[in-house]
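Below is one structure, written out as structure tokens; comments come after it.
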2 protein chains.
Amino acid sequence: MRRMDTFTAISDPTRRQVLDLLSRHERPAGELGRAFPSVSQPGMSRHLRVLREAGLVRVRKQDRRRVYSLHWEGLAPVEAWIAKYRGFWEAELDSLEAFLDSPTKPSERPKRPRTPP
Amino acid sequence: MRRMDTFTAISDPTRRQVLDLLSRHERPAGELGRAFPSVSQPGMSRHLRVLREAGLVRVRKQDRRRVYSLHWEGLAPVEAWIAKYRGFWEAELDSLEAFLDSPTKPSERPKRPRTPP
DNA sequence: CACTAATATAACGAATTATGTATATATTGT
DNA sequence: ACAATATATACATAATTCGTTATATTAGTG
């Protein structure tokens with residue numbers, strides 16, 4: 001199988017949930033599998049492989065368990081891409097705040113209500 | 001074709017680039033198509049449909065053009081999901097700063113170098 | 001209305017991805 | 001060495017996705 005890029009890796013809801021679980025604390029593969037009863041054991045193993053190859057998780061052997069942990073650095077491409085759009089949110093938040101600040105005409109409302117010096 | 005969710009919609013590199021183009025300013029479909037010579041006209045039209053159905057772009061008819069514009073609100077699911085991981089970045093930035101602050105062993109360096117009271 | 005330009009949809013094949021069953025590998029305990 | 005547990009891989013197959021060619025739709029223009 002060809003190596004999957006980060007964006008495709010996180011396009012699957014199960015894999016995103018796995019990452020969410022791992023963001024709390026590391027877990028062995030079996031425990032992750034049990035958290036998704038609708039997914040077979042080999043199915044989960046494959047999801048984990050995808051996440052592994054995309055650099056989103058790390059594995060560590062502990063006796064006969066494979067303990068998976070989040071490797072958040074692997075999300076860097078997504079973070080970098082979406083960061084370009086964060087400005088839109090901020091702009092919108094600003095205008096939302098401005099709106100909430102201005103239930104009336106600007107001339108009718110004090111500059112900073114209930115904020116004593 | 002089944003309606004594609006946001007994460008799947010942005011899993012395609014061409015579609016991400018289309019969004020990047022639209023983040024600068026709106027453009028008619030044809031112009032977007034010409035920006036990707038490796039994609040046929042119907043191919044681009046389909047990408048645009050996916051983006052449209054995922055709520056990532058909006059269309060407006062202007063004479064015989066279809067002018068596409070970014071609808072950044074459609075990125076909210078991605079933004080919300082990845083926001084949960086932003087803490088990891090911040091934590092790491094903190095430790096990176098701490099590391100850059102500490103070129104020597106902690107015991108060898110003052111608590112707050114060059115910060116007079 | 002015929003003609004053209006711009007874009008969308010249909011139909012289809014190739015490539016990729018998803019998922020289950022069966023099997024293999026590895027590690028630990030007896 | 002053998003059995004048991006935990007996990008991975010192989011293989012087959014179904015479902016999605018992507019891209020192409022051909023065709024339809026929609027809106028202006030003469």
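Just remember, in the structure tokens the first chain shown is A, the second B, etc., residues are 1-based per chain, and ligands are 1-based in the order shown.
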
Taking only C-alpha atoms into account, find every residue of chain B that has an atom no more than 9 Å from chain A, and write it out as a list in words. Asp5, Thr6, Phe7, Thr8, Ala9, Ile10, Ser11, Asp12, Pro13, Arg16, Asp20, Ser23, Trp72, Glu73, Leu75, Val78, Glu79, Trp81, Ile82, Lys84, Tyr85, Arg86, Phe88 and Trp89 of chain B

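The interface of chain B with chain C at 9 Å, considering only C-alpha atoms (C1' of nucleotides), consists of Ala29, Gly30, Gln41, Pro42, Ser45, Arg46, Arg64, Arg65 and Arg66 of chain B.
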
Residues from the last selection, all heavy atoms, saved as a compact mmCIF listing (two decimals), in the first residue's frame:
# COMPACT_ATOMS: atom_id res chain seq x y z
N ALA B 29 -14.99 30.02 -12.28
CA ALA B 29 -14.57 28.63 -12.44
C ALA B 29 -13.47 28.46 -13.49
O ALA B 29 -12.49 27.75 -13.28
CB ALA B 29 -15.77 27.76 -12.77
N GLY B 30 -13.65 29.13 -14.62
CA GLY B 30 -12.70 28.98 -15.71
C GLY B 30 -11.29 29.39 -15.30
O GLY B 30 -10.32 28.70 -15.62
N GLN B 41 -11.35 20.52 -17.65
CA GLN B 41 -12.44 21.40 -17.24
C GLN B 41 -13.48 20.65 -16.42
O GLN B 41 -13.85 21.10 -15.32
CB GLN B 41 -13.06 22.07 -18.48
CG GLN B 41 -14.22 23.00 -18.16
CD GLN B 41 -15.57 22.30 -18.21
OE1 GLN B 41 -15.83 21.55 -19.14
NE2 GLN B 41 -16.41 22.51 -17.22
N PRO B 42 -13.96 19.50 -16.89
CA PRO B 42 -14.94 18.78 -16.05
C PRO B 42 -14.34 18.35 -14.71
O PRO B 42 -15.04 18.31 -13.70
CB PRO B 42 -15.30 17.57 -16.89
CG PRO B 42 -15.02 17.98 -18.29
CD PRO B 42 -13.82 18.86 -18.20
N SER B 45 -14.55 21.22 -12.48
CA SER B 45 -15.95 21.43 -12.13
C SER B 45 -16.37 20.48 -11.01
O SER B 45 -17.13 20.86 -10.11
CB SER B 45 -16.82 21.21 -13.37
OG SER B 45 -18.13 21.63 -13.14
N ARG B 46 -15.88 19.27 -11.07
CA ARG B 46 -16.22 18.31 -10.01
C ARG B 46 -15.58 18.69 -8.69
O ARG B 46 -16.21 18.58 -7.63
CB ARG B 46 -15.81 16.91 -10.42
CG ARG B 46 -16.75 16.34 -11.48
CD ARG B 46 -16.65 14.87 -11.54
NE ARG B 46 -16.36 14.32 -10.21
CZ ARG B 46 -16.04 13.06 -10.01
NH1 ARG B 46 -15.93 12.26 -11.02
NH2 ARG B 46 -15.83 12.63 -8.81
N ARG B 64 -22.37 35.04 -17.73
CA ARG B 64 -22.27 33.56 -17.89
C ARG B 64 -21.16 32.92 -17.07
O ARG B 64 -20.87 31.74 -17.24
CB ARG B 64 -22.18 33.19 -19.38
CG ARG B 64 -21.03 33.77 -20.10
CD ARG B 64 -21.16 33.54 -21.61
NE ARG B 64 -21.24 34.79 -22.33
CZ ARG B 64 -21.22 34.88 -23.65
NH1 ARG B 64 -21.18 33.82 -24.38
NH2 ARG B 64 -21.28 36.06 -24.23
N ARG B 65 -20.58 33.68 -16.17
CA ARG B 65 -19.55 33.10 -15.30
C ARG B 65 -20.16 32.61 -14.00
O ARG B 65 -21.16 33.15 -13.53
CB ARG B 65 -18.49 34.16 -14.93
CG ARG B 65 -17.93 34.92 -16.07
CD ARG B 65 -16.92 34.10 -16.81
NE ARG B 65 -16.50 34.76 -18.06
CZ ARG B 65 -15.66 35.79 -18.10
NH1 ARG B 65 -15.12 36.26 -16.99
NH2 ARG B 65 -15.33 36.33 -19.25
N ARG B 66 -19.52 31.62 -13.39
CA ARG B 66 -19.85 31.23 -12.02
C ARG B 66 -18.68 31.66 -11.16
O ARG B 66 -17.59 31.07 -11.25
CB ARG B 66 -20.04 29.71 -11.89
CG ARG B 66 -21.03 29.12 -12.85
CD ARG B 66 -22.44 29.59 -12.53
NE ARG B 66 -23.43 29.03 -13.43
CZ ARG B 66 -24.15 27.94 -13.15
NH1 ARG B 66 -24.01 27.31 -12.01
NH2 ARG B 66 -25.03 27.48 -14.04

Chain A least-squares fitted onto chain B over all paired Cα atoms, as a compact mmCIF listing (two decimals) with N, CA and C atoms, in the first residue's frame:
# COMPACT_ATOMS: atom_id res chain seq x y z
N MET A 1 -23.94 11.53 -7.10
CA MET A 1 -22.80 11.35 -6.18
C MET A 1 -23.19 11.73 -4.75
N ARG A 2 -22.73 10.92 -3.81
CA ARG A 2 -23.03 11.23 -2.41
C ARG A 2 -22.26 12.46 -1.94
N ARG A 3 -22.87 13.20 -1.05
CA ARG A 3 -22.24 14.42 -0.56
C ARG A 3 -21.01 14.07 0.28
N MET A 4 -19.95 14.77 0.01
CA MET A 4 -18.66 14.45 0.62
C MET A 4 -18.49 15.25 1.92
N ASP A 5 -17.99 14.60 2.93
CA ASP A 5 -17.78 15.33 4.19
C ASP A 5 -16.54 16.22 4.09
N THR A 6 -16.43 17.12 5.06
CA THR A 6 -15.38 18.12 5.04
C THR A 6 -13.98 17.51 4.95
N PHE A 7 -13.73 16.48 5.76
CA PHE A 7 -12.39 15.90 5.79
C PHE A 7 -12.02 15.26 4.46
N THR A 8 -12.97 14.60 3.84
CA THR A 8 -12.69 14.00 2.54
C THR A 8 -12.50 15.10 1.50
N ALA A 9 -13.28 16.15 1.61
CA ALA A 9 -13.16 17.24 0.65
C ALA A 9 -11.76 17.84 0.65
N ILE A 10 -11.17 17.98 1.82
CA ILE A 10 -9.84 18.59 1.88
C ILE A 10 -8.72 17.56 1.76
N SER A 11 -9.08 16.30 1.55
CA SER A 11 -8.03 15.29 1.41
C SER A 11 -7.37 15.35 0.03
N ASP A 12 -7.98 16.08 -0.88
CA ASP A 12 -7.40 16.20 -2.21
C ASP A 12 -6.51 17.45 -2.31
N PRO A 13 -5.27 17.27 -2.78
CA PRO A 13 -4.30 18.38 -2.83
C PRO A 13 -4.76 19.52 -3.72
N THR A 14 -5.37 19.19 -4.85
CA THR A 14 -5.86 20.25 -5.74
C THR A 14 -6.91 21.09 -5.03
N ARG A 15 -7.82 20.42 -4.35
CA ARG A 15 -8.88 21.18 -3.67
C ARG A 15 -8.30 22.05 -2.56
N ARG A 16 -7.28 21.53 -1.87
CA ARG A 16 -6.66 22.37 -0.84
C ARG A 16 -6.02 23.61 -1.48
N GLN A 17 -5.37 23.39 -2.64
CA GLN A 17 -4.75 24.54 -3.30
C GLN A 17 -5.80 25.55 -3.76
N VAL A 18 -6.93 25.04 -4.20
CA VAL A 18 -8.00 25.95 -4.61
C VAL A 18 -8.42 26.81 -3.42
N LEU A 19 -8.58 26.18 -2.28
CA LEU A 19 -8.95 26.94 -1.09
C LEU A 19 -7.87 27.97 -0.76
N ASP A 20 -6.62 27.57 -0.93
CA ASP A 20 -5.53 28.51 -0.66
C ASP A 20 -5.62 29.71 -1.58
N LEU A 21 -5.90 29.45 -2.85
CA LEU A 21 -6.04 30.56 -3.79
C LEU A 21 -7.20 31.46 -3.37
N LEU A 22 -8.30 30.83 -3.01
CA LEU A 22 -9.48 31.62 -2.65
C LEU A 22 -9.29 32.37 -1.34
N SER A 23 -8.35 31.92 -0.53
CA SER A 23 -8.14 32.62 0.74
C SER A 23 -7.56 34.00 0.50
N ARG A 24 -6.95 34.18 -0.70
CA ARG A 24 -6.42 35.52 -1.02
C ARG A 24 -7.55 36.42 -1.51
N HIS A 25 -8.27 35.92 -2.50
CA HIS A 25 -9.44 36.68 -2.97
C HIS A 25 -10.29 35.79 -3.86
N GLU A 26 -11.54 36.17 -4.02
CA GLU A 26 -12.46 35.37 -4.83
C GLU A 26 -12.01 35.34 -6.29
N ARG A 27 -12.41 34.29 -7.01
CA ARG A 27 -12.02 34.12 -8.41
C ARG A 27 -13.10 33.36 -9.16
N PRO A 28 -13.25 33.67 -10.46
CA PRO A 28 -14.20 32.90 -11.27
C PRO A 28 -13.64 31.50 -11.56
N ALA A 29 -14.54 30.58 -11.80
CA ALA A 29 -14.17 29.17 -12.02
C ALA A 29 -13.09 29.03 -13.08
N GLY A 30 -13.22 29.76 -14.16
CA GLY A 30 -12.25 29.63 -15.24
C GLY A 30 -10.85 29.97 -14.81
N GLU A 31 -10.72 31.01 -14.02
CA GLU A 31 -9.40 31.41 -13.54
C GLU A 31 -8.81 30.32 -12.65
N LEU A 32 -9.65 29.73 -11.82
CA LEU A 32 -9.18 28.62 -10.97
C LEU A 32 -8.74 27.46 -11.84
N GLY A 33 -9.52 27.18 -12.86
CA GLY A 33 -9.15 26.11 -13.77
C GLY A 33 -7.80 26.36 -14.42
N ARG A 34 -7.61 27.58 -14.90
CA ARG A 34 -6.34 27.89 -15.56
C ARG A 34 -5.14 27.78 -14.62
N ALA A 35 -5.39 27.92 -13.34
CA ALA A 35 -4.30 27.82 -12.37
C ALA A 35 -3.80 26.38 -12.22
N PHE A 36 -4.56 25.43 -12.75
CA PHE A 36 -4.17 24.01 -12.67
C PHE A 36 -4.23 23.39 -14.06
N PRO A 37 -3.15 23.58 -14.82
CA PRO A 37 -3.15 23.14 -16.22
C PRO A 37 -3.32 21.62 -16.36
N SER A 38 -2.98 20.89 -15.30
CA SER A 38 -3.08 19.43 -15.40
C SER A 38 -4.51 18.94 -15.20
N VAL A 39 -5.40 19.85 -14.84
CA VAL A 39 -6.79 19.45 -14.60
C VAL A 39 -7.68 20.01 -15.71
N SER A 40 -8.52 19.15 -16.25
CA SER A 40 -9.44 19.58 -17.32
C SER A 40 -10.51 20.52 -16.76
N GLN A 41 -11.19 21.20 -17.66
CA GLN A 41 -12.23 22.12 -17.21
C GLN A 41 -13.33 21.38 -16.42
N PRO A 42 -13.86 20.26 -16.96
CA PRO A 42 -14.87 19.55 -16.16
C PRO A 42 -14.28 19.03 -14.84
N GLY A 43 -13.02 18.69 -14.86
CA GLY A 43 -12.39 18.22 -13.63
C GLY A 43 -12.43 19.29 -12.56
N MET A 44 -12.04 20.49 -12.91
CA MET A 44 -12.08 21.57 -11.94
C MET A 44 -13.52 21.85 -11.51
N SER A 45 -14.42 21.79 -12.47
CA SER A 45 -15.82 22.04 -12.14
C SER A 45 -16.31 21.06 -11.07
N ARG A 46 -15.87 19.81 -11.20
CA ARG A 46 -16.25 18.81 -10.20
C ARG A 46 -15.60 19.11 -8.85
N HIS A 47 -14.35 19.47 -8.85
CA HIS A 47 -13.70 19.83 -7.57
C HIS A 47 -14.47 20.96 -6.90
N LEU A 48 -14.86 21.92 -7.73
CA LEU A 48 -15.59 23.06 -7.16
C LEU A 48 -16.93 22.62 -6.60
N ARG A 49 -17.54 21.67 -7.28
CA ARG A 49 -18.81 21.17 -6.75
C ARG A 49 -18.62 20.51 -5.39
N VAL A 50 -17.57 19.72 -5.28
CA VAL A 50 -17.28 19.06 -4.00
C VAL A 50 -17.10 20.10 -2.90
N LEU A 51 -16.30 21.12 -3.21
CA LEU A 51 -16.05 22.17 -2.21
C LEU A 51 -17.35 22.90 -1.86
N ARG A 52 -18.17 23.10 -2.89
CA ARG A 52 -19.45 23.78 -2.68
C ARG A 52 -20.32 22.95 -1.75
N GLU A 53 -20.45 21.65 -2.07
CA GLU A 53 -21.34 20.80 -1.29
C GLU A 53 -20.82 20.56 0.12
N ALA A 54 -19.51 20.70 0.30
CA ALA A 54 -18.95 20.56 1.65
C ALA A 54 -19.05 21.87 2.41
N GLY A 55 -19.58 22.89 1.76
CA GLY A 55 -19.74 24.18 2.43
C GLY A 55 -18.45 24.95 2.60
N LEU A 56 -17.46 24.64 1.77
CA LEU A 56 -16.16 25.31 1.91
C LEU A 56 -16.02 26.51 1.00
N VAL A 57 -16.87 26.60 0.00
CA VAL A 57 -16.84 27.77 -0.88
C VAL A 57 -18.27 28.21 -1.17
N ARG A 58 -18.40 29.43 -1.64
CA ARG A 58 -19.67 29.98 -2.07
C ARG A 58 -19.54 30.44 -3.51
N VAL A 59 -20.65 30.46 -4.21
CA VAL A 59 -20.64 30.94 -5.59
C VAL A 59 -21.57 32.11 -5.75
N ARG A 60 -21.18 32.98 -6.67
CA ARG A 60 -21.99 34.17 -6.95
C ARG A 60 -21.93 34.34 -8.46
N LYS A 61 -23.06 34.60 -9.07
CA LYS A 61 -23.07 34.77 -10.52
C LYS A 61 -22.80 36.22 -10.86
N GLN A 62 -21.85 36.39 -11.76
CA GLN A 62 -21.56 37.75 -12.23
C GLN A 62 -21.48 37.67 -13.74
N ASP A 63 -22.41 38.25 -14.42
CA ASP A 63 -22.64 38.06 -15.85
C ASP A 63 -22.52 36.58 -16.19
N ARG A 64 -21.59 36.19 -17.07
CA ARG A 64 -21.57 34.74 -17.33
C ARG A 64 -20.53 33.99 -16.52
N ARG A 65 -19.92 34.64 -15.55
CA ARG A 65 -18.95 33.97 -14.69
C ARG A 65 -19.60 33.43 -13.42
N ARG A 66 -18.99 32.38 -12.88
CA ARG A 66 -19.37 31.94 -11.54
C ARG A 66 -18.19 32.29 -10.65
N VAL A 67 -18.37 33.25 -9.82
CA VAL A 67 -17.28 33.71 -8.96
C VAL A 67 -17.31 32.95 -7.64
N TYR A 68 -16.22 32.22 -7.38
CA TYR A 68 -16.13 31.41 -6.16
C TYR A 68 -15.38 32.18 -5.08
N SER A 69 -15.87 32.02 -3.86
CA SER A 69 -15.18 32.65 -2.73
C SER A 69 -15.08 31.65 -1.59
N LEU A 70 -14.09 31.86 -0.75
CA LEU A 70 -13.88 30.98 0.40
C LEU A 70 -15.00 31.15 1.41
N HIS A 71 -15.49 30.02 1.92
CA HIS A 71 -16.46 30.07 3.03
C HIS A 71 -15.79 29.38 4.20
N TRP A 72 -14.95 30.12 4.90
CA TRP A 72 -14.09 29.52 5.92
C TRP A 72 -14.85 28.80 7.02
N GLU A 73 -16.12 29.19 7.26
CA GLU A 73 -16.90 28.51 8.31
C GLU A 73 -16.99 27.02 8.05
N GLY A 74 -16.91 26.65 6.76
CA GLY A 74 -16.99 25.24 6.43
C GLY A 74 -15.83 24.43 6.99
N LEU A 75 -14.77 25.11 7.37
CA LEU A 75 -13.61 24.40 7.93
C LEU A 75 -13.77 24.12 9.42
N ALA A 76 -14.87 24.57 9.98
CA ALA A 76 -15.08 24.42 11.42
C ALA A 76 -14.89 22.99 11.92
N PRO A 77 -15.44 21.98 11.22
CA PRO A 77 -15.23 20.61 11.73
C PRO A 77 -13.76 20.25 11.84
N VAL A 78 -12.97 20.64 10.88
CA VAL A 78 -11.54 20.32 10.92
C VAL A 78 -10.88 21.09 12.05
N GLU A 79 -11.22 22.35 12.11
CA GLU A 79 -10.64 23.19 13.17
C GLU A 79 -10.99 22.63 14.55
N ALA A 80 -12.25 22.23 14.70
CA ALA A 80 -12.69 21.70 15.99
C ALA A 80 -11.95 20.41 16.33
N TRP A 81 -11.79 19.57 15.31
CA TRP A 81 -11.14 18.29 15.60
C TRP A 81 -9.68 18.49 15.98
N ILE A 82 -8.99 19.27 15.17
CA ILE A 82 -7.55 19.39 15.40
C ILE A 82 -7.24 20.24 16.63
N ALA A 83 -8.20 21.04 17.03
CA ALA A 83 -7.98 21.87 18.22
C ALA A 83 -7.67 21.00 19.44
N LYS A 84 -8.23 19.79 19.44
CA LYS A 84 -7.99 18.90 20.56
C LYS A 84 -6.52 18.52 20.68
N TYR A 85 -5.79 18.65 19.57
CA TYR A 85 -4.39 18.25 19.57
C TYR A 85 -3.46 19.43 19.75
N ARG A 86 -4.05 20.63 19.74
CA ARG A 86 -3.20 21.80 19.83
C ARG A 86 -2.42 21.81 21.13
N GLY A 87 -3.04 21.27 22.17
CA GLY A 87 -2.37 21.20 23.46
C GLY A 87 -1.02 20.51 23.37
N PHE A 88 -0.94 19.50 22.51
CA PHE A 88 0.33 18.80 22.36
C PHE A 88 1.40 19.73 21.81
N TRP A 89 1.00 20.53 20.85
CA TRP A 89 1.97 21.47 20.29
C TRP A 89 2.44 22.46 21.35
N GLU A 90 1.44 23.03 22.03
CA GLU A 90 1.79 24.03 23.03
C GLU A 90 2.73 23.44 24.07
N ALA A 91 2.39 22.24 24.54
CA ALA A 91 3.25 21.59 25.52
C ALA A 91 4.66 21.45 24.97
N GLU A 92 4.73 21.04 23.71
CA GLU A 92 6.04 20.84 23.11
C GLU A 92 6.77 22.17 22.96
N LEU A 93 6.03 23.20 22.52
CA LEU A 93 6.65 24.52 22.40
C LEU A 93 7.20 24.96 23.75
N ASP A 94 6.40 24.73 24.77
CA ASP A 94 6.86 25.09 26.10
C ASP A 94 8.17 24.40 26.42
N SER A 95 8.20 23.10 26.19
CA SER A 95 9.42 22.38 26.57
C SER A 95 10.57 22.77 25.64
N LEU A 96 10.24 23.12 24.39
CA LEU A 96 11.28 23.60 23.50
C LEU A 96 11.86 24.91 24.02
N GLU A 97 10.95 25.81 24.39
CA GLU A 97 11.41 27.08 24.97
C GLU A 97 12.25 26.84 26.21
N ALA A 98 11.77 25.96 27.03
CA ALA A 98 12.50 25.64 28.26
C ALA A 98 13.89 25.13 27.90
N PHE A 99 13.94 24.31 26.87
CA PHE A 99 15.22 23.76 26.45
C PHE A 99 16.15 24.87 25.95
N LEU A 100 15.60 25.74 25.08
CA LEU A 100 16.41 26.83 24.54
C LEU A 100 16.82 27.78 25.65
N ASP A 101 15.96 27.91 26.63
CA ASP A 101 16.29 28.76 27.76
C ASP A 101 17.40 28.15 28.61
N SER A 102 17.59 26.85 28.51
CA SER A 102 18.52 26.16 29.42
C SER A 102 19.65 25.43 28.69
N PRO A 103 20.54 26.18 28.06
CA PRO A 103 21.68 25.50 27.44
C PRO A 103 22.62 24.94 28.49
N THR A 104 22.51 25.47 29.67
CA THR A 104 23.34 25.00 30.79
C THR A 104 22.44 24.56 31.93
N LYS A 105 23.00 24.12 32.99
CA LYS A 105 22.19 23.73 34.13
C LYS A 105 21.43 24.96 34.65
N PRO A 106 20.20 24.79 35.03
CA PRO A 106 19.39 25.92 35.51
C PRO A 106 20.09 26.76 36.56
N SER A 107 20.82 26.13 37.46
CA SER A 107 21.48 26.86 38.54
C SER A 107 22.57 27.79 38.00
N GLU A 108 23.05 27.51 36.79
CA GLU A 108 24.14 28.30 36.24
C GLU A 108 23.68 29.50 35.40
N ARG A 109 22.35 29.58 35.16
CA ARG A 109 21.92 30.67 34.26
C ARG A 109 20.97 31.62 34.99
N PRO A 110 21.08 32.93 34.67
CA PRO A 110 20.21 33.93 35.30
C PRO A 110 18.75 33.72 34.89
N LYS A 111 17.83 34.16 35.73
CA LYS A 111 16.40 33.95 35.46
C LYS A 111 15.96 34.59 34.14
N ARG A 112 16.25 35.89 33.99
CA ARG A 112 15.80 36.55 32.75
C ARG A 112 16.96 37.35 32.15
N PRO A 113 17.74 36.73 31.29
CA PRO A 113 18.91 37.37 30.70
C PRO A 113 18.52 38.57 29.84
N ARG A 114 19.39 39.60 29.86
CA ARG A 114 19.19 40.85 29.09
C ARG A 114 17.74 41.33 29.02
N THR A 115 17.11 41.51 30.16
CA THR A 115 15.80 42.15 30.21
C THR A 115 15.79 43.15 31.37
N PRO A 116 16.34 44.36 31.10
CA PRO A 116 16.47 45.37 32.18
C PRO A 116 15.10 45.88 32.66
N PRO A 117 14.94 46.24 33.89
CA PRO A 117 13.67 46.70 34.48
C PRO A 117 13.17 48.03 33.96

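Using only C-alpha atoms (C1' of nucleotides), one finds that the residues of chain D close to chain A, at 10 Å or less, are DT5, DA6, DT7, DA8 and DT9 of chain D.
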
Going by DSSP on the backbone, which residues of chain B come out as helix (DSSP H, G or I)? List them as number ranges by chain. B: 6-9, 13-24, 29-34, 41-53, 72-101, 106-108

Residues flagged strand (DSSP E or B) by DSSP in segment 23-106 of chain A, as a VMD selection string: chain A and resid 27 to 28 57 to 62 65 to 70
